[in-house]
Amino acid sequence: MERCFKPQFAECSRRAEFPVSPAWTAPRPQFPRPLQRTEPYPRPRRRPMGKKFLGDLQPDGRIMWQETGQIFNSPSAWATHCKKLVNPAKKSGCGWASVKYKGQKLDKYKATWLRLHQLHTPATAADEPEATTPGKRVDSKIRVPVRYCMLGSRDSARNPHTLVEVTSFAAINKFQPFNVAVSSNVLFLLDFHSHLTRSEVVGYLGGRWDINSQMLTVLRAFPCRSRLGDAETAAAIEEEIYQSLFLRGLSLVGWYHSHPHSPALPSLQDIDAQMDYQLRLQGSSNGFQPCLALLCSPYYSGNPGPESKISPFWVMPPPEQRPSDYGIPMDVEMAYVQDSFLTNDILHEMMLLVEFYKGAPDLVRLQEPWSQEHTYLDKLKISLASRTPKDQSLCHVLEQVCGILKQGS
C-alpha cells in the first residue's frame with residue numbers, strides 16, 4: 001500500500017513559516033505521501049515566547065537551522081528542539097500542526113492532498129507479483145519481520161515495506177487504553193475482499209465510540225473499489241462511503257488493509273499511516289478517540305491453515321525523548337460479535353467487488369488449485385466459515401457466495 005513516504009515538497013530547497021502553537025501535542029509522523037509544490041517556500045520560522053528561529057526546508061523534507069547548520073529530520077523534531085531551547089522541560093512539539101505555508105498550517109495541506117489522492121489507493125508492488133500468470137499462486141519474496149527495539153532512529157534509507165512485530169501492552173506494563181468489539185460481518189466482508197486479488201486492498205471501518213465505557217464497536221466494513229493512481233474513481237468511492245456512514249449513523253473508526261502473501265504485521269509505512277490517521281481522527285479535540293487498523297493475510301504460506309489471519313493493531317507514539325522515531329505498533333485485544341445474518345448490503349457489496357476485479361490481471365482464479373488438497377475457492381470457503389452468521393447455515397452462506405462469484409464470472 002502506497003503510504004508514508006518521507007515528505008518531499010519539491011525538487012529544490014523550500015521554506016515555510018513556523019509560528020508558535022499555544023499547546024503542544026504529541027509529534028506528528030511523516031506524512032503518508034509526498035506533498036508536491038512548485039512554488040518556493042518561505043523560511044521556516046519558530047517563535048517560542050518571542051524568539052525567532054529560521055531554517056530552510058531541504059528537498060528531502062528535512063529542515064536545516066540557519067543559525068547552526070543543524071539538520072532536523074521532521075518539523076516535529078525541529079519544533080521540539082526550538083521549544084527546549086526556551087523551556088528545557090518541553091519534550092515534544094507538533095510540527096505538522098504548527099508549521100505554516102502562506103498563512104495555512106501544513107496539516108491543512110495534508111487534508112487537501114488526501115482529498116485529491118486518497119488514503120485508500122491500493123498500494124505498491126511490495127506485495128504484488130511481477131510478470132506472473134493471473135490466478136497462479138505466487139511465491140512472493142518473504143518479508144522477515146523485525147522487532148521494534150531493533151529499528152533505532154528513523155532512517156530514510158530503510159525499506160518502507162519492512163514488517164515490524166507488534167508489542168503487547170502487558171509487555172510494557174500498560175493497559176490497553178480502549179476496548180474493541182468487531183462484528184463478524186466486518187471480518188467476513190474484509191476477508192472476502194482480500195481473497196479476490198493478489199494485490200493489496202484497503203477499506204474503511206465504520207462504527208461507534210462510547211466514551212463512557214471506552215468501547216469501540218466496529219459494525220461495518222467499507223471496501224475501497226479503486227486502483228492506484230485513479231484519483232477520480234477513488235474520490236467517488238470515498239464520497240459514497242461518507243454517505244453510507246452518514247445514512248447508517250456511523251462514524252469512521254478505522255481502516256483495513258491486506259498483505260496477500262506476507263504476515264499480518266504492519267510495515268513501516270502502515271505504522272506511519274496509522275499514527276497519522278489516529279491524530280487526524282482525533283482532530284482538535286482534547287478527548288481521546290481511538291482509530292483501529294486491521295491487517296488481513298489471506299495467502300501467506302506461514303498461516304497455520306486455509307483460514308486468513310486478521311490482526312488488529314494500534315500505534316503508541318514514540319518515546320518523548322525521540323519524537324521523530326517510528327511509533328510503536330501495539331497488539332490490540334478485541335471481542336468477536338457474531339451477527340445473526342448477512343445483510344443485503346453486505347451481499348451487494350460483495351457483488352460490486354466481484355464486478356470490480358473481473359478480468360483484472362491480478363484477479364485470483366478461484367477454480368485453480370491453491371494447494372494439493374484445495375482450490376482457491378475451497379480455501380475461501382474454509383476461511384469464511386468461521387465468520388458465518390449464527391442464524392444462517394454455513395451451506396446457505398456459501399451458496400450465496402458461490403452465486404455471487406458465478407454472476408461475476
# chains A, B, ... in the order shown; residues from 1 in each chain; ligands from 1
>>> residues_around(residues="A:Gln278", least_positions_apart="5", cutoff="9 Å", atoms="only C-alpha atoms", output="tab-separated table (two decimals) with C-alpha atoms, in the first residue's frame")
chain	number	residue	atom	x	y	z
A	254	GLY	CA	-10.54	2.88	11.41
A	273	ALA	CA	-0.08	5.88	8.25
A	283	GLY	CA	-8.63	16.25	15.29
A	289	GLN	CA	-10.87	8.83	20.29
A	290	PRO	CA	-9.24	5.63	19.03
A	291	CYS	CA	-8.62	4.61	15.45
A	292	LEU	CA	-8.27	0.88	14.75
A	314	TRP	CA	-2.83	0.47	17.16
A	315	VAL	CA	0.23	2.74	17.34
>>> residues_around(residues="stretch 222-227 of chain A", least_positions_apart="2", cutoff="7 Å", atoms="only C-alpha atoms", output="PyMOL selection string")
chain A and resi 120-122+202-205+220+229-230+233-234+237+241+353+356
